[in-house]
Amino acid sequence: MLKIEHLTKIYGDKRAVDDLSLHIKPGEIYGFIGHNGAGKTTTLKACCGILQYDSGEITVDGVSMKQSPIICKSKIAYIPDNPDLYEFMTGVQFLNFVADVFGVGADERKERITKYADAFEISSDLGSPISAYSHGMKQKLAIISALIHEPKLIIMDEPFVGLDPKATHLLKEIMRNMCSKGAAIFFSTHVLEVAEKLCDKVAIIKGGKLMRSGTMDQVKGDASLEDAFLDLEEAK
């Protein structure tokens with residue numbers, strides 16, 4: 001579903017991402033782990049077509065992001081770590097705007113908006129301006145907007161930050177359900193306990209370089225994911 005091949009992104013004299021290659025297959029929940037500044041967000045933004053990169057190739061469902069970005073983006077949903085929404089809109093206006101962008105029909109959008117807004121318990125707030133939303137409510141709205149067009153690939157940057165425990169549990173259930181239907185999920189997180197329980201595969205990045213990747217057992221061995229991560233962080 002998502003292939004990252006020899007991805008390199010340079011800022012001045014710093015290689016933010018250095019020859020990174022990963023393959024996220026349909027049906028997989030793939031965790032992306034690293035300290036702040038390791039290159040996670042740069043990688044995720046490149047995969048979404050938000051950020052240009054210096055070399056390498058990114059393909060979504062076999063389509064090149066460089067050559068056909070619109071086709072790729074039509075298959076993707078992206079949830080950033082700090083949702084930057086149109087705050088002059090109401091919640092329902094924003095969701096309808098996103099549905100318009102992706103060409104979602106009236107019946108489908110109504111059904112999905114109702115389903116997810118009820119599940120995340122923000123139905124009564126959809127008529128209010130987004131400027132009045134708390135951070136957690138904005139995060140929930142961003143998640144719902146990402147699900148409107150039933151994407152084949154969801155890319156998320158720290159998706160659990162700002163969510164209450166009930167919403168966190170719901171999002172994990174939605175992620176598993178989507179992957180059971182053939183979608184793929186690639187997300188970064190600092191919550192290693194969640195990653196260890198939720199992910200099929202995981203990659204650890206340090207200083208822009210891939211340190212280790214594979215199934216959870218391959219990456220962590222007999223240790224916990226936290227221990228494996230800290231060992232790699234301390235290695236020179």
# chains A, B, ... in the order shown; residues from 1 in each chain; ligands from 1
$ residues_around --residues "Leu171 of chain A" --least-positions-apart "6" --cutoff "12 Å" --atoms "only C-alpha atoms" --output "PyMOL selection string"
chain A and resi 116+119-120+139-140+142-144+146-147+156+159-161+163-165+177-178+185+194+198
$ residues_around --residues "Gly37 of chain A" --least-positions-apart "5" --cutoff "9 Å" --atoms "only C-alpha atoms" --output "PyMOL selection string"
chain A and resi 16+206-208
$ closest_residue --among "A:Ile79, A:Leu95, A:Cys179, A:Leu20" --to "Lys110 of chain A" --atoms "only C-alpha atoms"
A:Leu95
$ residues_around --residues "Lys9 of chain A" --least-positions-apart "4" --cutoff "7 Å" --atoms "only C-alpha atoms" --output "list in words"
Arg15, Ala16, Val17, Asp18, Tyr53 and Asp54 of chain A
$ write_last_selection --atoms "N, CA, C and O atoms" --output "PDB file, in the first residue's frame"
ATOM      1  N   ARG A  15      20.755  15.963   7.317  1.00  0.00           N
ATOM      2  CA  ARG A  15      19.890  14.971   6.684  1.00  0.00           C
ATOM      3  C   ARG A  15      18.783  14.598   7.679  1.00  0.00           C
ATOM      4  O   ARG A  15      18.998  13.783   8.572  1.00  0.00           O
ATOM      5  N   ALA A  16      17.636  15.203   7.504  1.00  0.00           N
ATOM      6  CA  ALA A  16      16.524  14.941   8.415  1.00  0.00           C
ATOM      7  C   ALA A  16      16.022  13.509   8.266  1.00  0.00           C
ATOM      8  O   ALA A  16      15.615  12.866   9.241  1.00  0.00           O
ATOM      9  N   VAL A  17      16.036  13.019   7.031  1.00  0.00           N
ATOM     10  CA  VAL A  17      15.730  11.622   6.732  1.00  0.00           C
ATOM     11  C   VAL A  17      16.813  11.128   5.798  1.00  0.00           C
ATOM     12  O   VAL A  17      17.109  11.772   4.787  1.00  0.00           O
ATOM     13  N   ASP A  18      17.413   9.985   6.135  1.00  0.00           N
ATOM     14  CA  ASP A  18      18.614   9.538   5.440  1.00  0.00           C
ATOM     15  C   ASP A  18      18.444   8.122   4.889  1.00  0.00           C
ATOM     16  O   ASP A  18      18.552   7.138   5.611  1.00  0.00           O
ATOM     17  N   TYR A  53      10.806  16.042  -1.201  1.00  0.00           N
ATOM     18  CA  TYR A  53      12.012  15.373  -0.703  1.00  0.00           C
ATOM     19  C   TYR A  53      13.097  15.397  -1.771  1.00  0.00           C
ATOM     20  O   TYR A  53      12.827  15.628  -2.956  1.00  0.00           O
ATOM     21  N   ASP A  54      14.326  15.183  -1.327  1.00  0.00           N
ATOM     22  CA  ASP A  54      15.477  15.366  -2.215  1.00  0.00           C
ATOM     23  C   ASP A  54      15.750  14.168  -3.106  1.00  0.00           C
ATOM     24  O   ASP A  54      16.183  14.324  -4.251  1.00  0.00           O
TER      25      ASP A  54
END
$ atom_distance --atom1 "atom CA of Ile29 of chain A" --atom2 "atom CA of Val202 of chain A"
8.4 Å
$ select_by_dssp --residues "segment 133-179 of chain A" --states "strand (DSSP E)" --output "VMD selection string"
chain A and resid 153 to 157
$ write_last_selection --atoms "all heavy atoms" --output "tab-separated table (two decimals), in the first residue's frame"
chain	number	residue	atom	x	y	z
A	153	LEU	N	-5.36	4.32	3.00
A	153	LEU	CA	-4.18	4.51	3.84
A	153	LEU	C	-4.41	5.69	4.77
A	153	LEU	O	-4.77	6.78	4.31
A	153	LEU	CB	-2.95	4.76	2.96
A	153	LEU	CG	-1.66	5.20	3.66
A	153	LEU	CD1	-1.11	4.08	4.54
A	153	LEU	CD2	-0.61	5.63	2.62
A	154	ILE	N	-4.21	5.48	6.06
A	154	ILE	CA	-4.27	6.58	7.02
A	154	ILE	C	-2.88	6.78	7.60
A	154	ILE	O	-2.25	5.84	8.09
A	154	ILE	CB	-5.27	6.31	8.16
A	154	ILE	CG1	-6.68	6.15	7.61
A	154	ILE	CG2	-5.25	7.45	9.16
A	154	ILE	CD1	-7.74	5.98	8.68
A	155	ILE	N	-2.41	8.03	7.55
A	155	ILE	CA	-1.12	8.40	8.10
A	155	ILE	C	-1.39	9.36	9.25
A	155	ILE	O	-2.06	10.38	9.07
A	155	ILE	CB	-0.24	9.05	7.03
A	155	ILE	CG1	0.07	8.04	5.92
A	155	ILE	CG2	1.06	9.59	7.63
A	155	ILE	CD1	0.82	8.61	4.74
A	156	MET	N	-0.88	9.02	10.43
A	156	MET	CA	-1.19	9.80	11.62
A	156	MET	C	0.09	10.12	12.40
A	156	MET	O	0.95	9.27	12.58
A	156	MET	CB	-2.16	9.03	12.53
A	156	MET	CG	-3.48	8.70	11.86
A	156	MET	SD	-4.66	7.88	12.99
A	156	MET	CE	-3.97	6.24	13.06
A	157	ASP	N	0.16	11.36	12.88
A	157	ASP	CA	1.31	11.82	13.65
A	157	ASP	C	0.84	12.02	15.09
A	157	ASP	O	0.09	12.96	15.38
A	157	ASP	CB	1.84	13.13	13.06
A	157	ASP	CG	3.25	13.46	13.53
A	157	ASP	OD1	3.77	12.73	14.39
A	157	ASP	OD2	3.82	14.45	13.03
$ closest_residue --among "A:Ser224, A:Ser180, A:Thr168, A:Gln67" --to "Glu193 of chain A" --atoms "only C-alpha atoms"
A:Ser224
$ residues_around --residues "Asp125 of chain A" --least-positions-apart "4" --cutoff "10 Å" --atoms "only C-alpha atoms" --output "VMD selection string"
chain A and resid 90 to 92 117 121 129 to 130 132 to 133 137
$ write_last_selection --atoms "N, CA, C and O atoms" --output "mmCIF file, in the first residue's frame"
data_model
loop_
_atom_site.group_PDB
_atom_site.id
_atom_site.type_symbol
_atom_site.label_atom_id
_atom_site.label_comp_id
_atom_site.auth_asym_id
_atom_site.auth_seq_id
_atom_site.Cartn_x
_atom_site.Cartn_y
_atom_site.Cartn_z
ATOM 1 N N THR A 90 -18.099 25.881 11.305
ATOM 2 C CA THR A 90 -18.624 24.995 12.340
ATOM 3 C C THR A 90 -18.074 23.591 12.064
ATOM 4 O O THR A 90 -17.544 23.315 10.977
ATOM 5 N N GLY A 91 -18.228 22.709 13.030
ATOM 6 C CA GLY A 91 -17.742 21.348 12.847
ATOM 7 C C GLY A 91 -18.375 20.660 11.652
ATOM 8 O O GLY A 91 -17.688 20.027 10.839
ATOM 9 N N VAL A 92 -19.695 20.786 11.509
ATOM 10 C CA VAL A 92 -20.375 20.102 10.406
ATOM 11 C C VAL A 92 -20.029 20.739 9.065
ATOM 12 O O VAL A 92 -19.937 20.042 8.038
ATOM 13 N N ALA A 117 -19.526 10.905 14.710
ATOM 14 C CA ALA A 117 -19.770 11.984 15.677
ATOM 15 C C ALA A 117 -20.457 11.435 16.921
ATOM 16 O O ALA A 117 -20.138 11.852 18.044
ATOM 17 N N GLU A 121 -18.831 11.241 20.566
ATOM 18 C CA GLU A 121 -19.630 12.061 21.474
ATOM 19 C C GLU A 121 -19.454 13.560 21.242
ATOM 20 O O GLU A 121 -19.324 14.346 22.193
ATOM 21 N N PRO A 129 -18.833 26.808 16.252
ATOM 22 C CA PRO A 129 -17.604 27.113 15.514
ATOM 23 C C PRO A 129 -16.421 26.334 16.088
ATOM 24 O O PRO A 129 -16.320 26.151 17.309
ATOM 25 N N ILE A 130 -15.532 25.908 15.220
ATOM 26 C CA ILE A 130 -14.374 25.133 15.644
ATOM 27 C C ILE A 130 -13.490 25.954 16.589
ATOM 28 O O ILE A 130 -12.796 25.390 17.439
ATOM 29 N N ALA A 132 -14.305 27.411 19.063
ATOM 30 C CA ALA A 132 -14.742 27.199 20.446
ATOM 31 C C ALA A 132 -14.395 25.801 20.955
ATOM 32 O O ALA A 132 -14.640 25.489 22.123
ATOM 33 N N TYR A 133 -13.813 24.969 20.107
ATOM 34 C CA TYR A 133 -13.503 23.594 20.484
ATOM 35 C C TYR A 133 -12.252 23.521 21.357
ATOM 36 O O TYR A 133 -11.308 24.299 21.177
ATOM 37 N N MET A 137 -11.444 18.048 21.319
ATOM 38 C CA MET A 137 -12.552 18.071 20.359
ATOM 39 C C MET A 137 -12.045 18.280 18.942
ATOM 40 O O MET A 137 -12.546 17.675 17.989
#
$ select_by_dssp --residues "segment 43-221 of chain A" --states "helix (DSSP H, G or I)" --output "number ranges by chain"
A: 43-48, 69-74, 91-101, 106-119, 123-125, 130-132, 135-147, 165-180, 192-198, 216-220
$ closest_residue --among "A:Lys40, A:His35, A:Lys45, A:Lys138" --to "Phe229 of chain A" --atoms "only C-alpha atoms"
A:His35
$ closest_atom_pairs --of "segment 21-104 of chain A" --to "segment 213-220 of chain A" --cutoff "12 Å" --atoms "only C-alpha atoms" --output "Markdown table"
| residue | atom | partner | partner_atom | distance |
| --- | --- | --- | --- | --- |
| A:Ser21 | CA | A:Ser213 | CA | 9.8 |
| A:Leu22 | CA | A:Ser213 | CA | 8.1 |
| A:His23 | CA | A:Gly214 | CA | 9.8 |
| A:Ile24 | CA | A:Gly214 | CA | 10.3 |
| A:Lys25 | CA | A:Gly214 | CA | 11.9 |
| A:Glu28 | CA | A:Thr215 | CA | 10.3 |
| A:Ile29 | CA | A:Thr215 | CA | 10.4 |
| A:Tyr30 | CA | A:Thr215 | CA | 9.0 |
| A:Gly31 | CA | A:Met216 | CA | 9.5 |
| A:Phe32 | CA | A:Ser213 | CA | 9.1 |
| A:Ile33 | CA | A:Ser213 | CA | 10.0 |
| A:Gly34 | CA | A:Ser213 | CA | 12.0 |
$ write_last_selection --atoms "C-alpha atoms" --output "compact mmCIF listing (two decimals), in the first residue's frame"
# COMPACT_ATOMS: atom_id res chain seq x y z
CA SER A 21 13.05 2.41 3.11
CA LEU A 22 9.83 0.89 4.51
CA HIS A 23 6.89 -1.07 3.13
CA ILE A 24 3.47 -0.84 4.78
CA LYS A 25 1.15 -3.51 3.37
CA GLU A 28 -1.12 -3.64 8.57
CA ILE A 29 -0.92 -1.24 11.49
CA TYR A 30 2.65 0.04 11.31
CA GLY A 31 4.14 2.05 14.17
CA PHE A 32 6.88 4.63 13.66
CA ILE A 33 8.99 5.41 16.72
CA GLY A 34 11.80 7.82 17.49
$ closest_residue --among "A:Asp61, A:Tyr86, A:Tyr78, A:His149" --to "Ala106 of chain A" --atoms "only C-alpha atoms"
A:His149
$ residues_around --residues "Leu232 of chain A" --least-positions-apart "5" --cutoff "9 Å" --atoms "only C-alpha atoms" --output "CSV table (one decimal) with all heavy atoms, in the first residue's frame"
chain,number,residue,atom,x,y,z
A,204,ILE,N,11.9,1.8,14.0
A,204,ILE,CA,12.6,2.8,15.0
A,204,ILE,C,13.6,3.6,14.2
A,204,ILE,O,14.4,3.0,13.4
A,204,ILE,CB,13.3,2.0,16.1
A,204,ILE,CG1,12.3,1.3,16.9
A,204,ILE,CG2,14.0,3.0,17.0
A,204,ILE,CD1,12.9,0.4,18.1
A,206,LYS,N,16.3,6.9,14.1
A,206,LYS,CA,17.2,7.7,15.0
A,206,LYS,C,18.1,8.6,14.1
A,206,LYS,O,18.8,8.1,13.2
A,206,LYS,CB,18.1,6.8,15.9
A,206,LYS,CG,19.1,7.6,16.7
A,206,LYS,CD,19.9,6.6,17.6
A,206,LYS,CE,20.9,7.4,18.4
A,206,LYS,NZ,21.8,6.4,19.2
A,211,MET,N,16.8,2.4,12.2
A,211,MET,CA,17.6,1.6,13.1
A,211,MET,C,17.2,0.1,13.1
A,211,MET,O,18.0,-0.8,13.1
A,211,MET,CB,17.6,2.1,14.5
A,211,MET,CG,18.1,3.6,14.7
A,211,MET,SD,19.8,3.8,14.2
A,211,MET,CE,20.6,2.9,15.5
A,212,ARG,N,15.9,-0.1,13.1
A,212,ARG,CA,15.4,-1.4,13.1
A,212,ARG,C,13.9,-1.4,12.7
A,212,ARG,O,13.2,-0.5,12.9
A,212,ARG,CB,15.4,-2.0,14.5
A,212,ARG,CG,15.2,-3.5,14.6
A,212,ARG,CD,15.3,-4.0,16.1
A,212,ARG,NE,16.7,-3.9,16.6
A,212,ARG,CZ,17.1,-4.1,17.8
A,212,ARG,NH1,16.2,-4.4,18.7
A,212,ARG,NH2,18.4,-3.9,18.2
A,227,ASP,N,12.2,-1.1,26.2
A,227,ASP,CA,13.6,-1.5,26.4
A,227,ASP,C,14.4,-1.6,25.1
A,227,ASP,O,15.5,-1.1,25.1
A,227,ASP,CB,13.7,-2.9,27.1
A,227,ASP,CG,13.2,-2.8,28.6
A,227,ASP,OD1,13.3,-1.7,29.2
A,227,ASP,OD2,12.9,-3.9,29.1
$ closest_residue --among "A:Gly103, A:Gly49, A:Gly27, A:Gly39" --to "Met65 of chain A" --atoms "only C-alpha atoms"
A:Gly49
$ residues_around --residues "Gln52 of chain A" --least-positions-apart "5" --cutoff "12 Å" --atoms "only C-alpha atoms" --output "PyMOL selection string"
chain A and resi 7-11+17+42-47+57-58+65-66+69
$ write_last_selection --atoms "N, CA and C atoms" --output "PDB file, in the first residue's frame"
ATOM      1  N   LEU A   7      14.252   7.100   0.817  1.00  0.00           N
ATOM      2  CA  LEU A   7      13.813   8.479   1.032  1.00  0.00           C
ATOM      3  C   LEU A   7      14.893   9.290   1.740  1.00  0.00           C
ATOM      4  N   THR A   8      15.214  10.449   1.161  1.00  0.00           N
ATOM      5  CA  THR A   8      16.186  11.367   1.766  1.00  0.00           C
ATOM      6  C   THR A   8      15.651  12.791   1.709  1.00  0.00           C
ATOM      7  N   LYS A   9      15.698  13.469   2.849  1.00  0.00           N
ATOM      8  CA  LYS A   9      15.293  14.866   2.932  1.00  0.00           C
ATOM      9  C   LYS A   9      16.386  15.632   3.670  1.00  0.00           C
ATOM     10  N   ILE A  10      16.892  16.705   3.030  1.00  0.00           N
ATOM     11  CA  ILE A  10      18.005  17.469   3.578  1.00  0.00           C
ATOM     12  C   ILE A  10      17.573  18.902   3.868  1.00  0.00           C
ATOM     13  N   TYR A  11      17.915  19.389   5.063  1.00  0.00           N
ATOM     14  CA  TYR A  11      17.734  20.791   5.422  1.00  0.00           C
ATOM     15  C   TYR A  11      19.124  21.382   5.648  1.00  0.00           C
ATOM     16  N   VAL A  17      16.036  13.019   7.031  1.00  0.00           N
ATOM     17  CA  VAL A  17      15.730  11.622   6.732  1.00  0.00           C
ATOM     18  C   VAL A  17      16.813  11.128   5.798  1.00  0.00           C
ATOM     19  N   THR A  42       8.815  14.568   9.381  1.00  0.00           N
ATOM     20  CA  THR A  42       9.300  14.827   8.015  1.00  0.00           C
ATOM     21  C   THR A  42       8.930  13.680   7.095  1.00  0.00           C
ATOM     22  N   THR A  43       9.125  12.460   7.558  1.00  0.00           N
ATOM     23  CA  THR A  43       8.779  11.281   6.761  1.00  0.00           C
ATOM     24  C   THR A  43       7.287  11.226   6.480  1.00  0.00           C
ATOM     25  N   LEU A  44       6.476  11.426   7.508  1.00  0.00           N
ATOM     26  CA  LEU A  44       5.023  11.336   7.344  1.00  0.00           C
ATOM     27  C   LEU A  44       4.511  12.400   6.381  1.00  0.00           C
ATOM     28  N   LYS A  45       5.034  13.611   6.494  1.00  0.00           N
ATOM     29  CA  LYS A  45       4.595  14.681   5.593  1.00  0.00           C
ATOM     30  C   LYS A  45       5.019  14.409   4.148  1.00  0.00           C
ATOM     31  N   ALA A  46       6.182  13.807   3.973  1.00  0.00           N
ATOM     32  CA  ALA A  46       6.620  13.437   2.624  1.00  0.00           C
ATOM     33  C   ALA A  46       5.694  12.375   2.040  1.00  0.00           C
ATOM     34  N   CYS A  47       5.282  11.434   2.878  1.00  0.00           N
ATOM     35  CA  CYS A  47       4.389  10.362   2.422  1.00  0.00           C
ATOM     36  C   CYS A  47       3.014  10.890   2.023  1.00  0.00           C
ATOM     37  N   GLU A  57      11.853   7.485  -3.571  1.00  0.00           N
ATOM     38  CA  GLU A  57      10.532   7.356  -4.179  1.00  0.00           C
ATOM     39  C   GLU A  57       9.518   6.924  -3.130  1.00  0.00           C
ATOM     40  N   ILE A  58       8.324   7.500  -3.230  1.00  0.00           N
ATOM     41  CA  ILE A  58       7.195   7.106  -2.390  1.00  0.00           C
ATOM     42  C   ILE A  58       6.042   6.738  -3.302  1.00  0.00           C
ATOM     43  N   MET A  65       4.026   9.241  -5.774  1.00  0.00           N
ATOM     44  CA  MET A  65       3.615  10.510  -5.177  1.00  0.00           C
ATOM     45  C   MET A  65       4.165  11.687  -5.970  1.00  0.00           C
ATOM     46  N   LYS A  66       5.375  11.567  -6.514  1.00  0.00           N
ATOM     47  CA  LYS A  66       5.959  12.666  -7.291  1.00  0.00           C
ATOM     48  C   LYS A  66       5.247  12.855  -8.621  1.00  0.00           C
ATOM     49  N   PRO A  69       0.531  13.096  -7.665  1.00  0.00           N
ATOM     50  CA  PRO A  69       0.188  13.404  -6.265  1.00  0.00           C
ATOM     51  C   PRO A  69      -1.311  13.444  -5.979  1.00  0.00           C
TER      52      PRO A  69
END
$ atom_distance --atom1 "atom CA of Ser123 of chain A" --atom2 "atom CA of Gly162 of chain A"
18.4 Å
